[in-house]
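Right, one structure below, let's go through it.
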Amino acid sequence: MPKRDFLSSDVKPAGESWVWVTSMGLGVGLTMIVFLLGMILWNGLEVFWPKPVVQLELRPGSTAGLNNAPVFGGEIVKSQIKAVQVRADADAGDEPPQREYQLFVGNKDIYGFGYKFIDHAEIAGESRPADVIVAERLEYGNAIFRPKELRLADGTVLPAAATAFDRTLAGLVRESNDRRAAIRRIERDEIGAINRQLEKIRLERRALENKGPLVSPADQRRLADFDAAVADLQARYEKLAAKARELRGLQSVNRIAYTTMDGAERTLPTGDLIDYYRPNQLTVLNKAGIFAHRFWKFLSDEPREANTEGGIFPAIFGTFVMTLLMSVAVTPFGVLAAIYLREYAKQGPFVRAVRIAVNNLAGVPSIVFGVFGLGFFVYVVGGTIDQLFYSLSLPTPTFGTGGVLWAALTLALMTVPVVIVATEESLSAVSRGTREGSLACGASKWQTIQRIVLPASLPGILTGLILAMARGAGEVAPLMLVGVVKLAPTLPLDSIYPFIHLERKFMHLGFHIYDLGFQSPDSEAAKPMVFATTFLLILLVVCLNLGAILIRNHLRKKYKTSTF
Amino acid sequence: MSTATLPSTSRPTMTQNTTASAGAPALNPAYIQIKDFSFYYGAAKVLHGLSLDIPEQQVTAFIGPSGCGKSTLLRNLNRMNDLVDGIRHEGDILVNGHSIYDPLIEVIALRKRIGMVFQKSNPFPKSIYENVVYSLRVAGRNGKAELDEVVERSLRGAALWDEVKDRLNESAFGLSGGQMQRLCIARAIANRPEILLMDEPCSALDPIATAKVEELIHELKKEFTIVIVTHNMQQAARVSDRTAFFYLGKLIEYDVTTNIFQNPANAQTEAYVSGRFG
């Protein structure tokens, strides 16, 4: 009998050769997600990295420059192959592809635009002058210029070449930033407090007048008191306003004179400058410092200039508060509903129908929830609250208009199916043996649920909450109907009694993205902001989820069951 | 609403037992009376008119092949089968002369007095300490001194104290299988029930852990009336005083254990205990 080779052909390899199809599904998904996140990350962070400023010398006779000047310059945003429009009759076959730059030229107050394309063919020379300054201003975006001199209030003129120039300019900018903060404090905090008192007096007076004809001496005395208080507040207001005016006047006493890249001479009050740097003198370390500084400013500042400049702090904060409120509203609601459905309701066709309905609720377009929120929460509930408790300030609505509370409740309604489904799953994962063990100890059904079943299913409930938060935080459409605004003057949480202002309108990162990207007057300027805001929205959702995941892992470790 | 509870037995507690055993009253030979009891899951009749008396402070073993209804009967003794949909029963079960199906009896109060140990150990996702005192906590007894005392007494009673006394606040899931089952026994006796039901308590344990639990059953019967379901003939022979053999939902034979194993009256019983079928 011939010896059989164990690995010969009659033993077929038992490899599962089609496994790769399943792995490909995951692979494609992962690639797309990584690509998307990478793109957002790169584009969102690149905005904050300072770019060098080039000065371009144009070919003689070229008309491509600004104001017919032979030179101009700016930050190179993009270098690309020109999309040449080839006419059908032209012979374009052998022409080499033409390249073009997209430059950020800044100085929108002079040019009226911020970005400009320029053909390579028009450029004769390119240089990077070391003295160029990029300055962030209160208005019209960044200025890009070469400084000439500082004209100080006392008549001194400090040329840019002087050694004291940089120190003086930095000092002036710091001074004007401090002054701006002081003006803001006066106008927002102190005058704001006066306005609140005036409003309070107005409401009290109105309450008094609503009682009927004011004939009694006590009423007359109160009216006189009101008048006196109003006059007093008015006087204090005048004083503060005068102080703010004076400070504001000081902002424009020192001026900086400069030439733009195309040679035009201009001056600018130093009070308009927020920050400046010399992009062509920076080392990598300097750039990293400026990057961190600008990123921090973006996180912590309020938006300026129709949201295209400045930071997005109110939007981050609004999203955060709204998501937390939503979680607080959705969790008890969803968990209780799930407990009833799973533990108490008699399982039958009706409960099955309810369960299907709940699942389908998750598929209803979110705008429908927005319309419902507007119709029910805002107009019916909010309107009733206004009638009952805030009738004095009517017709100005307090709760009868969109606000962070109504937005949170609308989103809670939208995400409640997610929590119900997840909770039901985790409740049913608690084994029958464990429940029987508890009942055999003489526990009632509710005690069993409360002491054994719920703690054991907490990790699963948190999973549902994580999913709900991820969906809620990224939602925009319903919010537009129930309380999100382009620019909210105040935060929903601050140091003024009663600290949480649930009726206030708020800003939201998702809406901010929509607003910047599609409602902005200057789409080129808004584009980087859209990426940066998207990046932050994702970051915020990830952070909220990480928080919930950490809690969940802690609980899992505590209960250490194998059911999850 | 007033709810009736089962009247307490007059039997002394264990501590009294050890000090004054001489004057102990006579034990009730029919402490649990099962009277012509039939039981249905939906349309299926799984118990056919069973009648037997279970004596106080003895170990009674239920044996029989799988599906013979012995676990179903056991789970009816503390009405654990109430949880199942579509059940129905005929006949009656009396504990100390009172029907457990009396509508005035609260099933929770009943279960406080009838402890149960399950086939698969089912500790709660809590610490060892909280597992043991669970039945006291749900009864609203939260006094620290009392709980501490109950934990020590119950764990000693379940022969687990020495192994876990240093880690009472650790998760119960860190115990071995045998320890978990003994923890479940400690939990079942913590509230000092009068009857202890054991549903194949050793089926998932190794021989050493099984020996420990069996030893424990010997100790526990000084205080509790024990009903145990087992598949293991030797175990039934070793631990029980009386044995009931069930087959296809019928009680075939019920007698003192030695008679069942050495001198069975019924041919089916003999075939089963000698291992010829089942």
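Every chain in the structure tokens takes a letter, A first, then B, and so on in the order presented; its residues are numbered from 1, and the ligands are numbered from 1 following the presented order.
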Please report, as JSON lines, each residue of chain B lying at most 8 Å from chain A, together with the nearest pair of atoms and the separation in Å rounded to one decimal; use only C-alpha atoms, and order rows by chain and ascending residue number.
```
{"residue": "B:Asn78", "atom": "CA", "partner": "A:Ala440", "partner_atom": "CA", "distance": 7.7}
{"residue": "B:Met80", "atom": "CA", "partner": "A:Ala440", "partner_atom": "CA", "distance": 7.4}
{"residue": "B:Ile108", "atom": "CA", "partner": "A:Gly442", "partner_atom": "CA", "distance": 4.9}
{"residue": "B:Ala109", "atom": "CA", "partner": "A:Gly442", "partner_atom": "CA", "distance": 6.6}
{"residue": "B:Leu110", "atom": "CA", "partner": "A:Gly442", "partner_atom": "CA", "distance": 7.6}
{"residue": "B:Arg111", "atom": "CA", "partner": "A:Gly442", "partner_atom": "CA", "distance": 4.9}
{"residue": "B:Lys112", "atom": "CA", "partner": "A:Gly442", "partner_atom": "CA", "distance": 4.5}
{"residue": "B:Ile114", "atom": "CA", "partner": "A:Ala440", "partner_atom": "CA", "distance": 7.7}
{"residue": "B:Gly115", "atom": "CA", "partner": "A:Ala440", "partner_atom": "CA", "distance": 6.3}
{"residue": "B:Met116", "atom": "CA", "partner": "A:Ala440", "partner_atom": "CA", "distance": 5.9}
{"residue": "B:Val117", "atom": "CA", "partner": "A:Gly437", "partner_atom": "CA", "distance": 7.8}
{"residue": "B:Phe118", "atom": "CA", "partner": "A:Gly437", "partner_atom": "CA", "distance": 7.6}
{"residue": "B:Lys120", "atom": "CA", "partner": "A:Gly433", "partner_atom": "CA", "distance": 7.6}
{"residue": "B:Asn122", "atom": "CA", "partner": "A:Thr434", "partner_atom": "CA", "distance": 5.3}
{"residue": "B:Pro123", "atom": "CA", "partner": "A:Thr434", "partner_atom": "CA", "distance": 6.9}
{"residue": "B:Phe124", "atom": "CA", "partner": "A:Thr434", "partner_atom": "CA", "distance": 6.4}
{"residue": "B:Pro125", "atom": "CA", "partner": "A:Tyr559", "partner_atom": "CA", "distance": 5.0}
{"residue": "B:Lys126", "atom": "CA", "partner": "A:Tyr559", "partner_atom": "CA", "distance": 6.6}
{"residue": "B:Tyr134", "atom": "CA", "partner": "A:Cys441", "partner_atom": "CA", "distance": 7.3}
{"residue": "B:Ser135", "atom": "CA", "partner": "A:Cys441", "partner_atom": "CA", "distance": 4.9}
{"residue": "B:Val138", "atom": "CA", "partner": "A:Ala443", "partner_atom": "CA", "distance": 5.6}
{"residue": "B:Ala139", "atom": "CA", "partner": "A:Ala443", "partner_atom": "CA", "distance": 7.5}
{"residue": "B:Ser171", "atom": "CA", "partner": "A:Tyr559", "partner_atom": "CA", "distance": 7.3}
{"residue": "B:Phe173", "atom": "CA", "partner": "A:Lys560", "partner_atom": "CA", "distance": 7.0}
{"residue": "B:Arg187", "atom": "CA", "partner": "A:Cys441", "partner_atom": "CA", "distance": 7.8}
{"residue": "B:Ala188", "atom": "CA", "partner": "A:Cys441", "partner_atom": "CA", "distance": 6.6}
```
Those residues you just picked out, can you put them in a file as a tab-separated table (two decimals), in the first residue's frame with C-alpha atoms?
```tsv
chain	number	residue	atom	x	y	z
B	78	ASN	CA	-43.21	28.88	47.54
B	80	MET	CA	-42.51	30.60	42.39
B	108	ILE	CA	-44.24	37.93	49.60
B	109	ALA	CA	-44.83	37.04	53.24
B	110	LEU	CA	-44.96	33.38	52.23
B	111	ARG	CA	-41.63	33.55	50.49
B	112	LYS	CA	-40.05	35.27	53.48
B	114	ILE	CA	-39.79	29.62	52.70
B	115	GLY	CA	-36.25	30.06	51.49
B	116	MET	CA	-35.10	28.68	48.17
B	117	VAL	CA	-31.77	27.63	46.68
B	118	PHE	CA	-31.65	27.23	42.93
B	120	LYS	CA	-27.74	27.42	39.13
B	122	ASN	CA	-27.64	33.14	41.22
B	123	PRO	CA	-25.83	35.66	43.38
B	124	PHE	CA	-26.92	39.26	42.88
B	125	PRO	CA	-24.61	41.78	41.25
B	126	LYS	CA	-23.72	43.13	44.68
B	134	TYR	CA	-30.78	41.17	50.85
B	135	SER	CA	-33.84	39.50	52.35
B	138	VAL	CA	-36.20	44.22	51.30
B	139	ALA	CA	-38.07	43.63	54.55
B	171	SER	CA	-18.34	41.47	44.48
B	173	PHE	CA	-18.98	37.30	41.31
B	187	ARG	CA	-28.77	34.22	51.56
B	188	ALA	CA	-31.70	31.82	51.72
```
- request: Within 12 Å of B:Met180, counting only C-alpha atoms, which residues show up once you throw out same-chain ones fewer than 2 positions away? Write them as a ChimeraX atom specification, please.
  value: /B:117-125,127-128,131-132,155,158-160,163-164,171-178,182-187,201-202,204-205,209,213
Output N, CA and C atoms for every residue in that selection, as a CSV table (one decimal), in the first residue's frame.
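And here is the file that came out, selection-v4.csv:
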```
chain,number,residue,atom,x,y,z
B,117,VAL,N,-33.1,27.7,47.3
B,117,VAL,CA,-31.8,27.6,46.7
B,117,VAL,C,-31.9,27.0,45.3
B,118,PHE,N,-31.4,27.6,44.3
B,118,PHE,CA,-31.7,27.2,42.9
B,118,PHE,C,-30.6,26.3,42.4
B,119,GLN,N,-30.9,25.7,41.3
B,119,GLN,CA,-30.0,24.8,40.6
B,119,GLN,C,-28.7,25.5,40.2
B,120,LYS,N,-28.9,26.6,39.6
B,120,LYS,CA,-27.7,27.4,39.1
B,120,LYS,C,-27.6,28.5,40.2
B,121,SER,N,-26.4,28.7,40.7
B,121,SER,CA,-26.2,29.7,41.7
B,121,SER,C,-26.5,31.0,41.1
B,122,ASN,N,-27.2,31.9,41.8
B,122,ASN,CA,-27.6,33.1,41.2
B,122,ASN,C,-27.4,34.3,42.2
B,123,PRO,N,-26.1,34.5,42.5
B,123,PRO,CA,-25.8,35.7,43.4
B,123,PRO,C,-26.2,37.0,42.7
B,124,PHE,N,-26.6,38.0,43.5
B,124,PHE,CA,-26.9,39.3,42.9
B,124,PHE,C,-25.7,40.0,42.5
B,125,PRO,N,-25.8,40.9,41.6
B,125,PRO,CA,-24.6,41.8,41.2
B,125,PRO,C,-24.3,42.8,42.4
B,127,SER,N,-22.2,43.1,46.5
B,127,SER,CA,-21.1,42.6,47.4
B,127,SER,C,-21.6,41.3,48.1
B,128,ILE,N,-20.7,40.6,48.6
B,128,ILE,CA,-21.1,39.4,49.4
B,128,ILE,C,-22.0,39.7,50.5
B,131,ASN,N,-25.4,40.6,49.4
B,131,ASN,CA,-26.1,39.4,49.0
B,131,ASN,C,-26.8,38.7,50.1
B,132,VAL,N,-26.0,38.6,51.2
B,132,VAL,CA,-26.6,37.9,52.4
B,132,VAL,C,-27.7,38.6,53.0
B,155,LEU,N,-23.4,33.2,57.1
B,155,LEU,CA,-22.2,32.7,56.4
B,155,LEU,C,-21.6,31.5,57.2
B,158,ALA,N,-23.7,28.6,56.5
B,158,ALA,CA,-23.4,28.1,55.2
B,158,ALA,C,-22.0,27.6,55.0
B,159,ALA,N,-21.2,27.6,56.1
B,159,ALA,CA,-19.8,27.1,56.1
B,159,ALA,C,-19.0,27.9,55.1
B,160,LEU,N,-19.3,29.2,55.1
B,160,LEU,CA,-18.5,30.1,54.1
B,160,LEU,C,-17.8,31.2,54.8
B,163,GLU,N,-14.0,31.6,54.7
B,163,GLU,CA,-13.4,31.8,53.4
B,163,GLU,C,-13.6,33.2,53.0
B,164,VAL,N,-14.6,33.9,53.4
B,164,VAL,CA,-14.9,35.2,52.8
B,164,VAL,C,-14.9,36.3,53.9
B,171,SER,N,-17.2,42.0,45.3
B,171,SER,CA,-18.3,41.5,44.5
B,171,SER,C,-18.5,40.0,44.7
B,172,ALA,N,-19.8,39.5,44.7
B,172,ALA,CA,-20.0,38.1,44.9
B,172,ALA,C,-19.6,37.3,43.6
B,173,PHE,N,-19.4,38.0,42.5
B,173,PHE,CA,-19.0,37.3,41.3
B,173,PHE,C,-17.5,36.9,41.4
B,174,GLY,N,-16.8,37.3,42.4
B,174,GLY,CA,-15.4,36.9,42.5
B,174,GLY,C,-15.3,35.5,43.2
B,175,LEU,N,-16.4,34.9,43.6
B,175,LEU,CA,-16.3,33.6,44.3
B,175,LEU,C,-16.3,32.5,43.3
B,176,SER,N,-15.8,31.3,43.8
B,176,SER,CA,-15.8,30.1,42.9
B,176,SER,C,-17.3,29.6,42.9
B,177,GLY,N,-17.5,28.7,42.0
B,177,GLY,CA,-18.9,28.1,41.8
B,177,GLY,C,-19.4,27.6,43.1
B,178,GLY,N,-18.6,26.8,43.8
B,178,GLY,CA,-19.1,26.2,45.1
B,178,GLY,C,-19.4,27.2,46.1
B,182,ARG,N,-22.9,28.2,48.1
B,182,ARG,CA,-23.0,28.3,49.5
B,182,ARG,C,-23.5,29.7,49.9
B,183,LEU,N,-23.0,30.7,49.1
B,183,LEU,CA,-23.5,32.1,49.4
B,183,LEU,C,-25.0,32.2,49.2
B,184,CYS,N,-25.5,31.5,48.2
B,184,CYS,CA,-26.9,31.5,47.9
B,184,CYS,C,-27.7,30.8,49.1
B,185,ILE,N,-27.0,29.8,49.6
B,185,ILE,CA,-27.7,29.1,50.8
B,185,ILE,C,-27.7,30.1,52.0
B,186,ALA,N,-26.5,30.8,52.2
B,186,ALA,CA,-26.5,31.7,53.3
B,186,ALA,C,-27.6,32.8,53.1
B,187,ARG,N,-27.8,33.2,51.9
B,187,ARG,CA,-28.8,34.2,51.6
B,187,ARG,C,-30.2,33.7,51.9
B,201,PRO,N,-29.3,21.6,44.2
B,201,PRO,CA,-28.3,22.6,44.5
B,201,PRO,C,-26.9,22.2,44.2
B,202,CYS,N,-26.6,20.9,43.9
B,202,CYS,CA,-25.2,20.5,43.7
B,202,CYS,C,-25.0,20.1,42.2
B,204,ALA,N,-24.3,21.7,39.6
B,204,ALA,CA,-23.2,22.4,38.9
B,204,ALA,C,-21.9,22.4,39.7
B,205,LEU,N,-21.8,21.6,40.7
B,205,LEU,CA,-20.7,21.7,41.6
B,205,LEU,C,-19.8,20.4,41.5
B,209,ALA,N,-17.1,20.4,46.5
B,209,ALA,CA,-18.1,21.4,46.9
B,209,ALA,C,-19.4,20.7,47.2
B,213,VAL,N,-21.6,21.0,50.6
B,213,VAL,CA,-23.1,21.4,50.7
B,213,VAL,C,-23.9,20.3,51.4
```
- request: Quick one: pick out all alpha helix (DSSP H) residues within stretch 176-332 of chain A from a backbone DSSP run and write them as an MDAnalysis selection string.
  value: chainID A and resid 176:184 191:210 217:250 284:300 313:332
field: Given only C-alpha atoms as the counted atoms, nearest of A:Ser457, A:Thr398, A:Gln55, A:Asn280 to A:Leu427
entry: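 Using only C-alpha atoms, the shortest distance to A:Leu427 belongs to A:Ser457.
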- prompt: Mind checking DSSP for stretch 14-163 of chain B and telling me the strand (DSSP E) residues as a PyMOL selection string?
  reply: chain B and resi 32-41+44-54+59-63+87-95+98-99+114-117
May I have the selected residues written with N, CA and C atoms, as a compact mmCIF listing (two decimals), in the first residue's frame?
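Written out: result15.txt:
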```txt
# COMPACT_ATOMS: atom_id res chain seq x y z
N ILE B 32 -45.75 20.11 55.94
CA ILE B 32 -46.27 20.52 54.64
C ILE B 32 -47.19 19.41 54.16
N GLN B 33 -48.43 19.78 53.86
CA GLN B 33 -49.36 18.78 53.36
C GLN B 33 -49.70 19.12 51.93
N ILE B 34 -49.44 18.17 51.04
CA ILE B 34 -49.82 18.36 49.64
C ILE B 34 -51.03 17.48 49.42
N LYS B 35 -52.14 18.13 49.04
CA LYS B 35 -53.41 17.38 49.00
C LYS B 35 -53.94 17.34 47.58
N ASP B 36 -53.88 16.16 46.99
CA ASP B 36 -54.49 15.91 45.69
C ASP B 36 -54.17 17.04 44.70
N PHE B 37 -52.88 17.36 44.62
CA PHE B 37 -52.46 18.55 43.91
C PHE B 37 -52.17 18.24 42.43
N SER B 38 -52.89 18.96 41.56
CA SER B 38 -52.63 18.84 40.13
C SER B 38 -52.22 20.21 39.60
N PHE B 39 -51.42 20.19 38.56
CA PHE B 39 -50.88 21.46 38.08
C PHE B 39 -50.81 21.45 36.55
N TYR B 40 -51.17 22.58 35.96
CA TYR B 40 -51.21 22.67 34.49
C TYR B 40 -50.35 23.84 34.01
N TYR B 41 -49.56 23.59 32.98
CA TYR B 41 -48.97 24.68 32.21
C TYR B 41 -49.84 24.83 30.98
N ALA B 44 -51.30 21.63 29.23
CA ALA B 44 -50.56 20.43 29.61
C ALA B 44 -50.64 20.20 31.11
N LYS B 45 -51.09 19.03 31.50
CA LYS B 45 -51.18 18.68 32.92
C LYS B 45 -49.84 18.06 33.30
N VAL B 46 -49.11 18.70 34.20
CA VAL B 46 -47.77 18.18 34.52
C VAL B 46 -47.74 17.48 35.87
N LEU B 47 -48.68 17.77 36.75
CA LEU B 47 -48.75 17.05 38.02
C LEU B 47 -50.14 16.44 38.13
N HIS B 48 -50.19 15.19 38.50
CA HIS B 48 -51.46 14.47 38.50
C HIS B 48 -51.86 14.10 39.93
N GLY B 49 -52.64 14.91 40.57
CA GLY B 49 -53.23 14.59 41.87
C GLY B 49 -52.26 14.03 42.88
N LEU B 50 -51.24 14.80 43.21
CA LEU B 50 -50.25 14.31 44.17
C LEU B 50 -50.74 14.55 45.59
N SER B 51 -50.44 13.61 46.47
CA SER B 51 -50.71 13.81 47.89
C SER B 51 -49.53 13.29 48.67
N LEU B 52 -48.91 14.14 49.49
CA LEU B 52 -47.88 13.65 50.40
C LEU B 52 -47.70 14.64 51.55
N ASP B 53 -47.25 14.14 52.66
CA ASP B 53 -46.99 14.95 53.84
C ASP B 53 -45.49 15.03 54.06
N ILE B 54 -44.99 16.23 54.31
CA ILE B 54 -43.55 16.40 54.52
C ILE B 54 -43.33 16.77 55.98
N VAL B 59 -35.15 16.07 56.17
CA VAL B 59 -34.82 16.31 54.77
C VAL B 59 -35.64 15.37 53.92
N THR B 60 -36.42 15.93 53.02
CA THR B 60 -37.22 15.13 52.12
C THR B 60 -36.67 15.31 50.71
N ALA B 61 -36.36 14.20 50.07
CA ALA B 61 -35.79 14.31 48.73
C ALA B 61 -36.84 13.95 47.69
N PHE B 62 -36.88 14.72 46.58
CA PHE B 62 -37.71 14.39 45.44
C PHE B 62 -36.79 13.83 44.36
N ILE B 63 -37.04 12.60 43.93
CA ILE B 63 -36.22 12.07 42.85
C ILE B 63 -37.12 11.64 41.70
N ILE B 87 -50.78 29.35 34.05
CA ILE B 87 -50.73 28.20 34.95
C ILE B 87 -52.05 28.05 35.68
N ARG B 88 -52.28 26.87 36.18
CA ARG B 88 -53.54 26.57 36.85
C ARG B 88 -53.27 25.39 37.78
N HIS B 89 -53.96 25.38 38.90
CA HIS B 89 -53.74 24.23 39.79
C HIS B 89 -55.07 23.75 40.35
N GLU B 90 -55.06 22.51 40.78
CA GLU B 90 -56.20 21.95 41.50
C GLU B 90 -55.65 21.33 42.78
N GLY B 91 -56.50 21.17 43.78
CA GLY B 91 -56.03 20.64 45.05
C GLY B 91 -55.44 21.76 45.87
N ASP B 92 -54.67 21.38 46.88
CA ASP B 92 -54.20 22.42 47.81
C ASP B 92 -52.86 22.01 48.40
N ILE B 93 -52.12 23.03 48.86
CA ILE B 93 -50.89 22.78 49.62
C ILE B 93 -51.04 23.53 50.94
N LEU B 94 -50.80 22.85 52.04
CA LEU B 94 -50.92 23.47 53.35
C LEU B 94 -49.56 23.48 54.02
N VAL B 95 -49.22 24.62 54.60
CA VAL B 95 -48.02 24.69 55.42
C VAL B 95 -48.47 24.94 56.84
N HIS B 98 -52.10 25.69 57.06
CA HIS B 98 -52.73 26.81 56.36
C HIS B 98 -52.43 26.75 54.87
N SER B 99 -53.46 26.96 54.09
CA SER B 99 -53.28 26.87 52.64
C SER B 99 -52.41 28.03 52.14
N ILE B 114 -40.24 30.82 53.41
CA ILE B 114 -39.79 29.62 52.70
C ILE B 114 -38.62 30.03 51.83
N GLY B 115 -37.42 29.70 52.26
CA GLY B 115 -36.25 30.06 51.49
C GLY B 115 -36.05 29.10 50.34
N MET B 116 -35.29 29.56 49.32
CA MET B 116 -35.10 28.68 48.17
C MET B 116 -33.67 28.81 47.64
N VAL B 117 -33.10 27.65 47.30
CA VAL B 117 -31.77 27.63 46.68
C VAL B 117 -31.95 27.01 45.31
```
